[in-house]
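This report refers to the structure that appears directly beneath it.
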Amino acid sequence: GSLSVNGVISSSRGITGTITTTQPTWSQANQNIQVTGLSSSLVLAVWTNSTTGFTFAAAGSVSGSTITWGTPTSISSARAYQRVAIAALSGTTALISSVDATPNAYFNGISVSGTTITVSTISAGIGLNDSIQYPLLPLTSTTAIFFQGNTAAGISGRVVTYNGASAPTFGTVVTNANSTGPNIHPVVLNSTTVLCFSDNSAAAWSARVFSISGTTITLGTNLSLGTTTFPISNANNIGSAIAISATEAIFAVPSQSTYVQKFTISGTTITASTTWQGQAYKQLAQNGGANYLLSTTDFLATHGPTTAPAFTRYSYNTTNGVSVVGTSPFPVTMTAYAYGYVTTNTAVVAGLNSANQPSGYLVYLT
């Protein structure tokens, strides 16, 4: 069904959002919804059915301020899944991970033509140790990197390869024994460099470079961030690391007293800046890469209490850290949601309304 524009809220140098009330024709009760942009005119949402746990996806065609969603496609009905993730590889392809209660992770490649989704053979399962997040981030047009936490062994990563209609395959797993999770916040700086922030059972944060060559991962030197700089409170959100260039990222723990710090990478060596008192983020975009909009200084985040989160535009400055731009946050009108960037000034938001049915709209930076 088509998502129609119902109203507009905007702020000075801030955000314009087009609220949509005509819902997609998805009859299932849904949960665990994720969404990302594949191109400037195509978005992809993935979710699990709250009754069966099966994974579904739908592609949406973007025209102006309207999203027209295609028919939901079954990704996997082999078992009940509890978490899903998307890695957008190109304008028409993506990898999807589905994690069950065991927990095991399974992967599918998908390709999209118009809003029609073609699904690959499902991969073999990867045995996991339970953690709060299982990030799946795009590297190239055919590869992504998948992370998991392990309270005994440490944070691990492996490359997943898209093989068209055939099942995705995996590179050798590499483990960072200095950090066990469960909180994992990776960011892709470029196709060969991923900077991963994670904590451990002692609530101490660390940062480490995962260098990728083909499907092989090499770890850089671990940088301990300690417990004082980054309080552990409410740190269970993917996307707290934001790439601001191919060699720089900022990291923020999304708590009610957020601290922000810039990290510069040279090879596999990480140098940290001074720490700034920042903003209380709830969630950042799930694209897993350069999470900025408009320029390398401005990005979108949600903040506020769980019952009433809102989108706010933020600006990064090397001297002052991160500050709010504009005066009127844009309300999130869903109980569970995710968002991803479509263009350099547009984000797609998808989630569930109070009736546990899908809702979606576009948000613009002006």
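By convention in this document, the chains of the structure tokens carry letters A, B, ... by their order, each chain's residues are numbered from 1, and ligands are numbered from 1 in the order they are shown.
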Tell me which protein, DNA and RNA residues are within 7 Å of Ala45 (chain A), counting only C-alpha atoms, leaving out same-chain ones fewer than 3 positions away, and put them as a PyMOL selection string. chain A and resi 33-36+57-59
Can I get the selected residues back with all heavy atoms, as a PDB file, in the first residue's frame?
```pdb
ATOM      1  N   ILE A  33      11.507  -4.957  13.915  1.00  0.00           N
ATOM      2  CA  ILE A  33      11.605  -4.378  12.575  1.00  0.00           C
ATOM      3  C   ILE A  33      12.910  -3.614  12.400  1.00  0.00           C
ATOM      4  O   ILE A  33      13.395  -2.954  13.317  1.00  0.00           O
ATOM      5  CB  ILE A  33      10.393  -3.469  12.296  1.00  0.00           C
ATOM      6  CG1 ILE A  33      10.247  -3.191  10.797  1.00  0.00           C
ATOM      7  CG2 ILE A  33      10.444  -2.193  13.114  1.00  0.00           C
ATOM      8  CD1 ILE A  33       8.887  -2.680  10.398  1.00  0.00           C
ATOM      9  N   GLN A  34      13.532  -3.773  11.226  1.00  0.00           N
ATOM     10  CA  GLN A  34      14.735  -3.042  10.836  1.00  0.00           C
ATOM     11  C   GLN A  34      14.492  -2.456   9.446  1.00  0.00           C
ATOM     12  O   GLN A  34      13.729  -3.014   8.651  1.00  0.00           O
ATOM     13  CB  GLN A  34      15.959  -3.955  10.806  1.00  0.00           C
ATOM     14  CG  GLN A  34      16.307  -4.593  12.141  1.00  0.00           C
ATOM     15  CD  GLN A  34      16.753  -3.580  13.171  1.00  0.00           C
ATOM     16  OE1 GLN A  34      17.488  -2.640  12.864  1.00  0.00           O
ATOM     17  NE2 GLN A  34      16.304  -3.752  14.398  1.00  0.00           N
ATOM     18  N   VAL A  35      15.153  -1.353   9.139  1.00  0.00           N
ATOM     19  CA  VAL A  35      14.941  -0.721   7.840  1.00  0.00           C
ATOM     20  C   VAL A  35      16.210  -0.014   7.401  1.00  0.00           C
ATOM     21  O   VAL A  35      17.004   0.450   8.226  1.00  0.00           O
ATOM     22  CB  VAL A  35      13.759   0.289   7.909  1.00  0.00           C
ATOM     23  CG1 VAL A  35      14.109   1.481   8.789  1.00  0.00           C
ATOM     24  CG2 VAL A  35      13.337   0.747   6.517  1.00  0.00           C
ATOM     25  N   THR A  36      16.439   0.023   6.088  1.00  0.00           N
ATOM     26  CA  THR A  36      17.583   0.744   5.546  1.00  0.00           C
ATOM     27  C   THR A  36      17.271   1.186   4.126  1.00  0.00           C
ATOM     28  O   THR A  36      16.323   0.698   3.508  1.00  0.00           O
ATOM     29  CB  THR A  36      18.852  -0.139   5.558  1.00  0.00           C
ATOM     30  OG1 THR A  36      19.999   0.671   5.281  1.00  0.00           O
ATOM     31  CG2 THR A  36      18.761  -1.251   4.523  1.00  0.00           C
ATOM     32  N   ALA A  57      10.327  -9.680   4.708  1.00  0.00           N
ATOM     33  CA  ALA A  57      10.897  -8.423   4.218  1.00  0.00           C
ATOM     34  C   ALA A  57       9.943  -7.807   3.205  1.00  0.00           C
ATOM     35  O   ALA A  57       9.152  -8.513   2.560  1.00  0.00           O
ATOM     36  CB  ALA A  57      12.261  -8.659   3.575  1.00  0.00           C
ATOM     37  N   ALA A  58      10.031  -6.490   3.082  1.00  0.00           N
ATOM     38  CA  ALA A  58       9.274  -5.783   2.049  1.00  0.00           C
ATOM     39  C   ALA A  58      10.134  -4.646   1.522  1.00  0.00           C
ATOM     40  O   ALA A  58      10.846  -3.981   2.287  1.00  0.00           O
ATOM     41  CB  ALA A  58       7.954  -5.235   2.588  1.00  0.00           C
ATOM     42  N   ALA A  59      10.098  -4.432   0.219  1.00  0.00           N
ATOM     43  CA  ALA A  59      10.809  -3.324  -0.414  1.00  0.00           C
ATOM     44  C   ALA A  59       9.833  -2.186  -0.645  1.00  0.00           C
ATOM     45  O   ALA A  59       8.661  -2.408  -0.968  1.00  0.00           O
ATOM     46  CB  ALA A  59      11.431  -3.769  -1.733  1.00  0.00           C
TER      47      ALA A  59
END
```
Just want the 9 Å neighbourhood of Thr218 (chain A), counted on only C-alpha atoms, with same-chain residues fewer than 6 positions away dropped. Output as a PyMOL selection string. chain A and resi 174+209-212
Within 7 Å of Val159 (chain A), counting only C-alpha atoms, which residues show up once you throw out same-chain ones fewer than 5 positions away? Write them as a PyMOL selection string, please. chain A and resi 143-146+170-171+215
Could those selected residues go to a file with N, CA, C and O atoms, as a PDB file, in the first residue's frame?
```pdb
ATOM      1  N   THR A 143      30.092  -8.292   0.289  1.00  0.00           N
ATOM      2  CA  THR A 143      30.480  -8.774   1.614  1.00  0.00           C
ATOM      3  C   THR A 143      29.961  -7.868   2.730  1.00  0.00           C
ATOM      4  O   THR A 143      29.739  -6.666   2.537  1.00  0.00           O
ATOM      5  N   ALA A 144      29.789  -8.475   3.900  1.00  0.00           N
ATOM      6  CA  ALA A 144      29.421  -7.759   5.113  1.00  0.00           C
ATOM      7  C   ALA A 144      30.199  -8.376   6.263  1.00  0.00           C
ATOM      8  O   ALA A 144      30.794  -9.452   6.134  1.00  0.00           O
ATOM      9  N   ILE A 145      30.220  -7.697   7.411  1.00  0.00           N
ATOM     10  CA  ILE A 145      30.870  -8.243   8.598  1.00  0.00           C
ATOM     11  C   ILE A 145      29.816  -8.416   9.686  1.00  0.00           C
ATOM     12  O   ILE A 145      28.967  -7.544   9.898  1.00  0.00           O
ATOM     13  N   PHE A 146      29.855  -9.569  10.360  1.00  0.00           N
ATOM     14  CA  PHE A 146      28.886  -9.932  11.388  1.00  0.00           C
ATOM     15  C   PHE A 146      29.603 -10.058  12.728  1.00  0.00           C
ATOM     16  O   PHE A 146      30.641 -10.703  12.827  1.00  0.00           O
ATOM     17  N   PHE A 170      30.917 -17.954   4.770  1.00  0.00           N
ATOM     18  CA  PHE A 170      31.582 -17.240   5.850  1.00  0.00           C
ATOM     19  C   PHE A 170      33.094 -17.373   5.787  1.00  0.00           C
ATOM     20  O   PHE A 170      33.617 -18.410   5.393  1.00  0.00           O
ATOM     21  N   GLY A 171      33.764 -16.298   6.226  1.00  0.00           N
ATOM     22  CA  GLY A 171      35.193 -16.360   6.441  1.00  0.00           C
ATOM     23  C   GLY A 171      35.477 -16.898   7.831  1.00  0.00           C
ATOM     24  O   GLY A 171      34.568 -17.215   8.614  1.00  0.00           O
ATOM     25  N   THR A 215      38.165 -12.231   2.889  1.00  0.00           N
ATOM     26  CA  THR A 215      37.347 -12.714   4.003  1.00  0.00           C
ATOM     27  C   THR A 215      38.184 -12.938   5.256  1.00  0.00           C
ATOM     28  O   THR A 215      37.726 -13.550   6.225  1.00  0.00           O
TER      29      THR A 215
END
```
For a quick check of understanding, using only C-alpha atoms, which of A:Leu225, A:Cys196, A:Val160, A:Leu38 has the smallest distance to Val348 (chain A)?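 Closest residue, counting only C-alpha atoms: A:Leu38.
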Near Ser111 (chain A), within 8 Å and counting only C-alpha atoms, which residues show up once chain neighbours fewer than 5 positions away are dropped, as number ranges by chain? A: 92-94, 117-119, 164
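The spacing separating CA of Ser245 (chain A) from CA of Pro138 (chain A) amounts to 16.2 Å.
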Could you give me, as a PDB file with N, CA and C atoms, in the first residue's frame, each residue of region 15-135 of chain A that DSSP assigns to strand (DSSP E) when run on this structure's backbone?
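Final output, result.pdb:
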```pdb
ATOM      1  N   ILE A  15      14.843  19.724  10.935  1.00  0.00           N
ATOM      2  CA  ILE A  15      14.256  18.527  10.371  1.00  0.00           C
ATOM      3  C   ILE A  15      12.858  18.804   9.856  1.00  0.00           C
ATOM      4  N   THR A  16      12.543  18.227   8.721  1.00  0.00           N
ATOM      5  CA  THR A  16      11.176  18.190   8.237  1.00  0.00           C
ATOM      6  C   THR A  16      10.775  16.732   8.117  1.00  0.00           C
ATOM      7  N   GLY A  17       9.667  16.360   8.712  1.00  0.00           N
ATOM      8  CA  GLY A  17       9.223  14.976   8.651  1.00  0.00           C
ATOM      9  C   GLY A  17       7.862  14.873   8.004  1.00  0.00           C
ATOM     10  N   THR A  18       7.681  13.923   7.128  1.00  0.00           N
ATOM     11  CA  THR A  18       6.375  13.682   6.537  1.00  0.00           C
ATOM     12  C   THR A  18       5.751  12.472   7.225  1.00  0.00           C
ATOM     13  N   ILE A  19       4.752  12.718   8.052  1.00  0.00           N
ATOM     14  CA  ILE A  19       4.100  11.656   8.796  1.00  0.00           C
ATOM     15  C   ILE A  19       3.143  10.920   7.872  1.00  0.00           C
ATOM     16  N   THR A  20       3.136   9.610   7.942  1.00  0.00           N
ATOM     17  CA  THR A  20       2.282   8.820   7.065  1.00  0.00           C
ATOM     18  C   THR A  20       1.338   7.959   7.876  1.00  0.00           C
ATOM     19  N   ASN A  30       3.785  -7.863  13.878  1.00  0.00           N
ATOM     20  CA  ASN A  30       5.224  -7.818  13.603  1.00  0.00           C
ATOM     21  C   ASN A  30       6.026  -7.377  14.811  1.00  0.00           C
ATOM     22  N   GLN A  31       7.315  -7.675  14.781  1.00  0.00           N
ATOM     23  CA  GLN A  31       8.247  -7.235  15.813  1.00  0.00           C
ATOM     24  C   GLN A  31       9.654  -7.203  15.228  1.00  0.00           C
ATOM     25  N   ASN A  32      10.588  -6.655  15.996  1.00  0.00           N
ATOM     26  CA  ASN A  32      12.007  -6.639  15.604  1.00  0.00           C
ATOM     27  C   ASN A  32      12.227  -6.005  14.237  1.00  0.00           C
ATOM     28  N   ILE A  33      11.507  -4.957  13.915  1.00  0.00           N
ATOM     29  CA  ILE A  33      11.605  -4.378  12.575  1.00  0.00           C
ATOM     30  C   ILE A  33      12.910  -3.614  12.400  1.00  0.00           C
ATOM     31  N   GLN A  34      13.532  -3.773  11.226  1.00  0.00           N
ATOM     32  CA  GLN A  34      14.735  -3.042  10.836  1.00  0.00           C
ATOM     33  C   GLN A  34      14.492  -2.456   9.446  1.00  0.00           C
ATOM     34  N   VAL A  35      15.153  -1.353   9.139  1.00  0.00           N
ATOM     35  CA  VAL A  35      14.941  -0.721   7.840  1.00  0.00           C
ATOM     36  C   VAL A  35      16.210  -0.014   7.401  1.00  0.00           C
ATOM     37  N   THR A  36      16.439   0.023   6.088  1.00  0.00           N
ATOM     38  CA  THR A  36      17.583   0.744   5.546  1.00  0.00           C
ATOM     39  C   THR A  36      17.271   1.186   4.126  1.00  0.00           C
ATOM     40  N   GLY A  37      18.040   2.134   3.628  1.00  0.00           N
ATOM     41  CA  GLY A  37      17.930   2.523   2.238  1.00  0.00           C
ATOM     42  C   GLY A  37      18.860   1.693   1.376  1.00  0.00           C
ATOM     43  N   LEU A  38      18.357   1.190   0.260  1.00  0.00           N
ATOM     44  CA  LEU A  38      19.222   0.526  -0.718  1.00  0.00           C
ATOM     45  C   LEU A  38      19.743   1.535  -1.728  1.00  0.00           C
ATOM     46  N   SER A  39      18.884   2.496  -2.075  1.00  0.00           N
ATOM     47  CA  SER A  39      19.259   3.573  -2.999  1.00  0.00           C
ATOM     48  C   SER A  39      18.400   4.782  -2.658  1.00  0.00           C
ATOM     49  N   LEU A  42      14.803   3.417  -3.200  1.00  0.00           N
ATOM     50  CA  LEU A  42      14.400   2.084  -2.770  1.00  0.00           C
ATOM     51  C   LEU A  42      14.820   1.843  -1.328  1.00  0.00           C
ATOM     52  N   VAL A  43      13.864   1.404  -0.498  1.00  0.00           N
ATOM     53  CA  VAL A  43      14.148   1.091   0.894  1.00  0.00           C
ATOM     54  C   VAL A  43      13.748  -0.348   1.175  1.00  0.00           C
ATOM     55  N   LEU A  44      14.288  -0.899   2.243  1.00  0.00           N
ATOM     56  CA  LEU A  44      14.031  -2.291   2.586  1.00  0.00           C
ATOM     57  C   LEU A  44      13.747  -2.397   4.076  1.00  0.00           C
ATOM     58  N   ALA A  45      12.635  -3.046   4.418  1.00  0.00           N
ATOM     59  CA  ALA A  45      12.284  -3.324   5.810  1.00  0.00           C
ATOM     60  C   ALA A  45      12.290  -4.827   6.041  1.00  0.00           C
ATOM     61  N   VAL A  46      12.787  -5.242   7.195  1.00  0.00           N
ATOM     62  CA  VAL A  46      12.832  -6.654   7.573  1.00  0.00           C
ATOM     63  C   VAL A  46      12.279  -6.774   8.981  1.00  0.00           C
ATOM     64  N   TRP A  47      11.503  -7.827   9.256  1.00  0.00           N
ATOM     65  CA  TRP A  47      10.923  -8.004  10.577  1.00  0.00           C
ATOM     66  C   TRP A  47      10.643  -9.478  10.826  1.00  0.00           C
ATOM     67  N   THR A  48      10.267  -9.790  12.068  1.00  0.00           N
ATOM     68  CA  THR A  48       9.819 -11.143  12.385  1.00  0.00           C
ATOM     69  C   THR A  48       8.353 -11.092  12.780  1.00  0.00           C
ATOM     70  N   ASN A  49       7.636 -12.161  12.469  1.00  0.00           N
ATOM     71  CA  ASN A  49       6.242 -12.279  12.848  1.00  0.00           C
ATOM     72  C   ASN A  49       6.168 -12.599  14.341  1.00  0.00           C
ATOM     73  N   THR A  55      10.848 -14.790   9.545  1.00  0.00           N
ATOM     74  CA  THR A  55      11.394 -13.531   9.040  1.00  0.00           C
ATOM     75  C   THR A  55      10.743 -13.159   7.715  1.00  0.00           C
ATOM     76  N   PHE A  56      10.338 -11.886   7.588  1.00  0.00           N
ATOM     77  CA  PHE A  56       9.748 -11.352   6.363  1.00  0.00           C
ATOM     78  C   PHE A  56      10.482 -10.066   5.968  1.00  0.00           C
ATOM     79  N   ALA A  57      10.327  -9.680   4.708  1.00  0.00           N
ATOM     80  CA  ALA A  57      10.897  -8.423   4.218  1.00  0.00           C
ATOM     81  C   ALA A  57       9.943  -7.807   3.205  1.00  0.00           C
ATOM     82  N   ALA A  58      10.031  -6.490   3.082  1.00  0.00           N
ATOM     83  CA  ALA A  58       9.274  -5.783   2.049  1.00  0.00           C
ATOM     84  C   ALA A  58      10.134  -4.646   1.522  1.00  0.00           C
ATOM     85  N   ALA A  59      10.098  -4.432   0.219  1.00  0.00           N
ATOM     86  CA  ALA A  59      10.809  -3.324  -0.414  1.00  0.00           C
ATOM     87  C   ALA A  59       9.833  -2.186  -0.645  1.00  0.00           C
ATOM     88  N   GLY A  60      10.297  -0.972  -0.480  1.00  0.00           N
ATOM     89  CA  GLY A  60       9.465   0.200  -0.681  1.00  0.00           C
ATOM     90  C   GLY A  60      10.072   1.126  -1.720  1.00  0.00           C
ATOM     91  N   SER A  61       9.258   1.542  -2.676  1.00  0.00           N
ATOM     92  CA  SER A  61       9.691   2.475  -3.715  1.00  0.00           C
ATOM     93  C   SER A  61       9.412   3.901  -3.253  1.00  0.00           C
ATOM     94  N   VAL A  62      10.447   4.750  -3.277  1.00  0.00           N
ATOM     95  CA  VAL A  62      10.328   6.123  -2.800  1.00  0.00           C
ATOM     96  C   VAL A  62      10.138   7.066  -3.981  1.00  0.00           C
ATOM     97  N   SER A  63       9.074   7.865  -3.916  1.00  0.00           N
ATOM     98  CA  SER A  63       8.826   8.898  -4.921  1.00  0.00           C
ATOM     99  C   SER A  63       8.361  10.146  -4.201  1.00  0.00           C
ATOM    100  N   THR A  66       6.421   9.960  -0.759  1.00  0.00           N
ATOM    101  CA  THR A  66       5.585   8.765  -0.650  1.00  0.00           C
ATOM    102  C   THR A  66       6.413   7.495  -0.796  1.00  0.00           C
ATOM    103  N   ILE A  67       6.163   6.533   0.071  1.00  0.00           N
ATOM    104  CA  ILE A  67       6.748   5.200  -0.046  1.00  0.00           C
ATOM    105  C   ILE A  67       5.643   4.240  -0.456  1.00  0.00           C
ATOM    106  N   THR A  68       5.853   3.516  -1.539  1.00  0.00           N
ATOM    107  CA  THR A  68       4.913   2.485  -1.959  1.00  0.00           C
ATOM    108  C   THR A  68       5.553   1.129  -1.698  1.00  0.00           C
ATOM    109  N   TRP A  69       4.981   0.373  -0.772  1.00  0.00           N
ATOM    110  CA  TRP A  69       5.566  -0.886  -0.341  1.00  0.00           C
ATOM    111  C   TRP A  69       5.093  -2.043  -1.198  1.00  0.00           C
ATOM    112  N   THR A  73       7.592 -10.555   1.616  1.00  0.00           N
ATOM    113  CA  THR A  73       8.187 -11.795   1.129  1.00  0.00           C
ATOM    114  C   THR A  73       8.752 -12.589   2.299  1.00  0.00           C
ATOM    115  N   SER A  74       8.473 -13.878   2.338  1.00  0.00           N
ATOM    116  CA  SER A  74       9.030 -14.729   3.378  1.00  0.00           C
ATOM    117  C   SER A  74      10.522 -14.925   3.143  1.00  0.00           C
ATOM    118  N   ILE A  75      11.320 -14.580   4.139  1.00  0.00           N
ATOM    119  CA  ILE A  75      12.767 -14.776   4.055  1.00  0.00           C
ATOM    120  C   ILE A  75      13.145 -16.151   4.592  1.00  0.00           C
ATOM    121  N   SER A  76      12.616 -16.488   5.748  1.00  0.00           N
ATOM    122  CA  SER A  76      12.877 -17.806   6.311  1.00  0.00           C
ATOM    123  C   SER A  76      11.745 -18.217   7.232  1.00  0.00           C
ATOM    124  N   TYR A  81      12.589 -16.854  14.922  1.00  0.00           N
ATOM    125  CA  TYR A  81      13.726 -15.959  15.101  1.00  0.00           C
ATOM    126  C   TYR A  81      13.379 -14.844  16.073  1.00  0.00           C
ATOM    127  N   GLN A  82      14.395 -14.334  16.739  1.00  0.00           N
ATOM    128  CA  GLN A  82      14.204 -13.281  17.737  1.00  0.00           C
ATOM    129  C   GLN A  82      14.843 -11.953  17.355  1.00  0.00           C
ATOM    130  N   ARG A  83      15.862 -11.970  16.480  1.00  0.00           N
ATOM    131  CA  ARG A  83      16.520 -10.727  16.074  1.00  0.00           C
ATOM    132  C   ARG A  83      16.865 -10.798  14.595  1.00  0.00           C
ATOM    133  N   VAL A  84      16.773  -9.681  13.917  1.00  0.00           N
ATOM    134  CA  VAL A  84      17.142  -9.614  12.508  1.00  0.00           C
ATOM    135  C   VAL A  84      18.029  -8.395  12.282  1.00  0.00           C
ATOM    136  N   ALA A  85      18.797  -8.417  11.189  1.00  0.00           N
ATOM    137  CA  ALA A  85      19.635  -7.287  10.801  1.00  0.00           C
ATOM    138  C   ALA A  85      19.769  -7.273   9.287  1.00  0.00           C
ATOM    139  N   ILE A  86      20.063  -6.093   8.734  1.00  0.00           N
ATOM    140  CA  ILE A  86      20.218  -5.912   7.284  1.00  0.00           C
ATOM    141  C   ILE A  86      21.573  -5.288   7.004  1.00  0.00           C
ATOM    142  N   ALA A  87      22.232  -5.756   5.955  1.00  0.00           N
ATOM    143  CA  ALA A  87      23.404  -5.072   5.396  1.00  0.00           C
ATOM    144  C   ALA A  87      23.097  -4.787   3.936  1.00  0.00           C
ATOM    145  N   ALA A  88      22.912  -3.506   3.599  1.00  0.00           N
ATOM    146  CA  ALA A  88      22.632  -3.105   2.225  1.00  0.00           C
ATOM    147  C   ALA A  88      23.929  -3.114   1.428  1.00  0.00           C
ATOM    148  N   THR A  93      20.694  -5.176  -3.774  1.00  0.00           N
ATOM    149  CA  THR A  93      21.023  -6.409  -3.061  1.00  0.00           C
ATOM    150  C   THR A  93      21.336  -6.140  -1.590  1.00  0.00           C
ATOM    151  N   ALA A  94      21.140  -7.173  -0.778  1.00  0.00           N
ATOM    152  CA  ALA A  94      21.409  -7.056   0.652  1.00  0.00           C
ATOM    153  C   ALA A  94      21.617  -8.434   1.251  1.00  0.00           C
ATOM    154  N   LEU A  95      22.230  -8.461   2.421  1.00  0.00           N
ATOM    155  CA  LEU A  95      22.304  -9.650   3.254  1.00  0.00           C
ATOM    156  C   LEU A  95      21.412  -9.450   4.473  1.00  0.00           C
ATOM    157  N   ILE A  96      20.735 -10.509   4.902  1.00  0.00           N
ATOM    158  CA  ILE A  96      19.867 -10.463   6.069  1.00  0.00           C
ATOM    159  C   ILE A  96      20.296 -11.559   7.033  1.00  0.00           C
ATOM    160  N   SER A  97      20.431 -11.211   8.307  1.00  0.00           N
ATOM    161  CA  SER A  97      20.713 -12.213   9.334  1.00  0.00           C
ATOM    162  C   SER A  97      19.485 -12.396  10.208  1.00  0.00           C
ATOM    163  N   SER A  98      19.236 -13.646  10.609  1.00  0.00           N
ATOM    164  CA  SER A  98      18.130 -13.981  11.505  1.00  0.00           C
ATOM    165  C   SER A  98      18.690 -14.848  12.625  1.00  0.00           C
ATOM    166  N   VAL A  99      18.492 -14.430  13.869  1.00  0.00           N
ATOM    167  CA  VAL A  99      19.040 -15.130  15.025  1.00  0.00           C
ATOM    168  C   VAL A  99      17.903 -15.759  15.817  1.00  0.00           C
ATOM    169  N   ASP A 100      18.014 -17.065  16.102  1.00  0.00           N
ATOM    170  CA  ASP A 100      16.962 -17.747  16.848  1.00  0.00           C
ATOM    171  C   ASP A 100      17.296 -17.800  18.331  1.00  0.00           C
ATOM    172  N   ASN A 104      21.430 -19.359  17.312  1.00  0.00           N
ATOM    173  CA  ASN A 104      22.165 -19.589  16.080  1.00  0.00           C
ATOM    174  C   ASN A 104      21.804 -18.484  15.095  1.00  0.00           C
ATOM    175  N   ALA A 105      22.741 -18.107  14.256  1.00  0.00           N
ATOM    176  CA  ALA A 105      22.485 -17.099  13.230  1.00  0.00           C
ATOM    177  C   ALA A 105      22.436 -17.756  11.858  1.00  0.00           C
ATOM    178  N   TYR A 106      21.456 -17.341  11.045  1.00  0.00           N
ATOM    179  CA  TYR A 106      21.296 -17.820   9.675  1.00  0.00           C
ATOM    180  C   TYR A 106      21.239 -16.612   8.749  1.00  0.00           C
ATOM    181  N   PHE A 107      21.714 -16.791   7.511  1.00  0.00           N
ATOM    182  CA  PHE A 107      21.836 -15.671   6.584  1.00  0.00           C
ATOM    183  C   PHE A 107      21.173 -15.987   5.250  1.00  0.00           C
ATOM    184  N   ASN A 108      20.568 -14.951   4.669  1.00  0.00           N
ATOM    185  CA  ASN A 108      20.024 -15.019   3.315  1.00  0.00           C
ATOM    186  C   ASN A 108      20.523 -13.832   2.523  1.00  0.00           C
ATOM    187  N   GLY A 109      20.810 -14.049   1.248  1.00  0.00           N
ATOM    188  CA  GLY A 109      21.018 -12.951   0.322  1.00  0.00           C
ATOM    189  C   GLY A 109      19.693 -12.638  -0.343  1.00  0.00           C
ATOM    190  N   ILE A 110      19.449 -11.372  -0.647  1.00  0.00           N
ATOM    191  CA  ILE A 110      18.244 -11.008  -1.385  1.00  0.00           C
ATOM    192  C   ILE A 110      18.608 -10.055  -2.514  1.00  0.00           C
ATOM    193  N   SER A 111      17.809 -10.102  -3.570  1.00  0.00           N
ATOM    194  CA  SER A 111      17.914  -9.117  -4.646  1.00  0.00           C
ATOM    195  C   SER A 111      16.521  -8.549  -4.877  1.00  0.00           C
ATOM    196  N   VAL A 112      16.464  -7.295  -5.290  1.00  0.00           N
ATOM    197  CA  VAL A 112      15.200  -6.594  -5.444  1.00  0.00           C
ATOM    198  C   VAL A 112      15.085  -6.051  -6.859  1.00  0.00           C
ATOM    199  N   SER A 113      13.944  -6.310  -7.505  1.00  0.00           N
ATOM    200  CA  SER A 113      13.620  -5.745  -8.812  1.00  0.00           C
ATOM    201  C   SER A 113      12.281  -5.051  -8.675  1.00  0.00           C
ATOM    202  N   THR A 116       9.856  -6.291  -5.947  1.00  0.00           N
ATOM    203  CA  THR A 116       9.807  -7.744  -5.850  1.00  0.00           C
ATOM    204  C   THR A 116      11.132  -8.267  -5.309  1.00  0.00           C
ATOM    205  N   ILE A 117      11.057  -9.087  -4.276  1.00  0.00           N
ATOM    206  CA  ILE A 117      12.248  -9.600  -3.602  1.00  0.00           C
ATOM    207  C   ILE A 117      12.469 -11.063  -3.969  1.00  0.00           C
ATOM    208  N   THR A 118      13.700 -11.385  -4.368  1.00  0.00           N
ATOM    209  CA  THR A 118      14.110 -12.766  -4.609  1.00  0.00           C
ATOM    210  C   THR A 118      15.073 -13.177  -3.513  1.00  0.00           C
ATOM    211  N   VAL A 119      14.823 -14.329  -2.895  1.00  0.00           N
ATOM    212  CA  VAL A 119      15.563 -14.760  -1.715  1.00  0.00           C
ATOM    213  C   VAL A 119      16.489 -15.922  -2.064  1.00  0.00           C
ATOM    214  N   ILE A 126      25.236 -20.494  12.311  1.00  0.00           N
ATOM    215  CA  ILE A 126      26.440 -20.197  13.085  1.00  0.00           C
ATOM    216  C   ILE A 126      26.052 -20.229  14.552  1.00  0.00           C
ATOM    217  N   GLY A 127      26.702 -21.078  15.344  1.00  0.00           N
ATOM    218  CA  GLY A 127      26.429 -21.129  16.768  1.00  0.00           C
ATOM    219  C   GLY A 127      26.964 -19.896  17.478  1.00  0.00           C
TER     220      GLY A 127
END
```
Provide the CA of Val332 (chain A) to CA of Ala310 (chain A) distance in Å, to one decimal place. 5.0 Å
How many Å separate CA of Ile244 (chain A) from CA of Tyr162 (chain A)?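 Between these atoms lies a distance of 27.0 Å.
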Determine, counting only C-alpha atoms, which protein, DNA and RNA residues have an atom within 9 Å of an atom of Thr247 (chain A); residues of the same chain fewer than 3 positions away are not included. Present the result as JSON, numbers by chain. {"A": [189, 190, 193, 243, 244, 263, 264, 265, 266, 267]}
For each of A:Tyr316, A:Phe147, A:Tyr339, A:Trp205, take the minimum atom-to-atom distance to Ile250 (chain A), counting only C-alpha atoms, then give the residue where this is smallest.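 Checking each candidate against Ile250 (chain A), we get A:Tyr316 as the closest.
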Within 7 Å of Thr151 (chain A) using only C-alpha atoms, minus same-chain residues under 2 positions, as a list in words: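 Final neighbour list, sorted by chain and number: Gly149, Ala153, Gly154, Thr180 and Gly181 of chain A.
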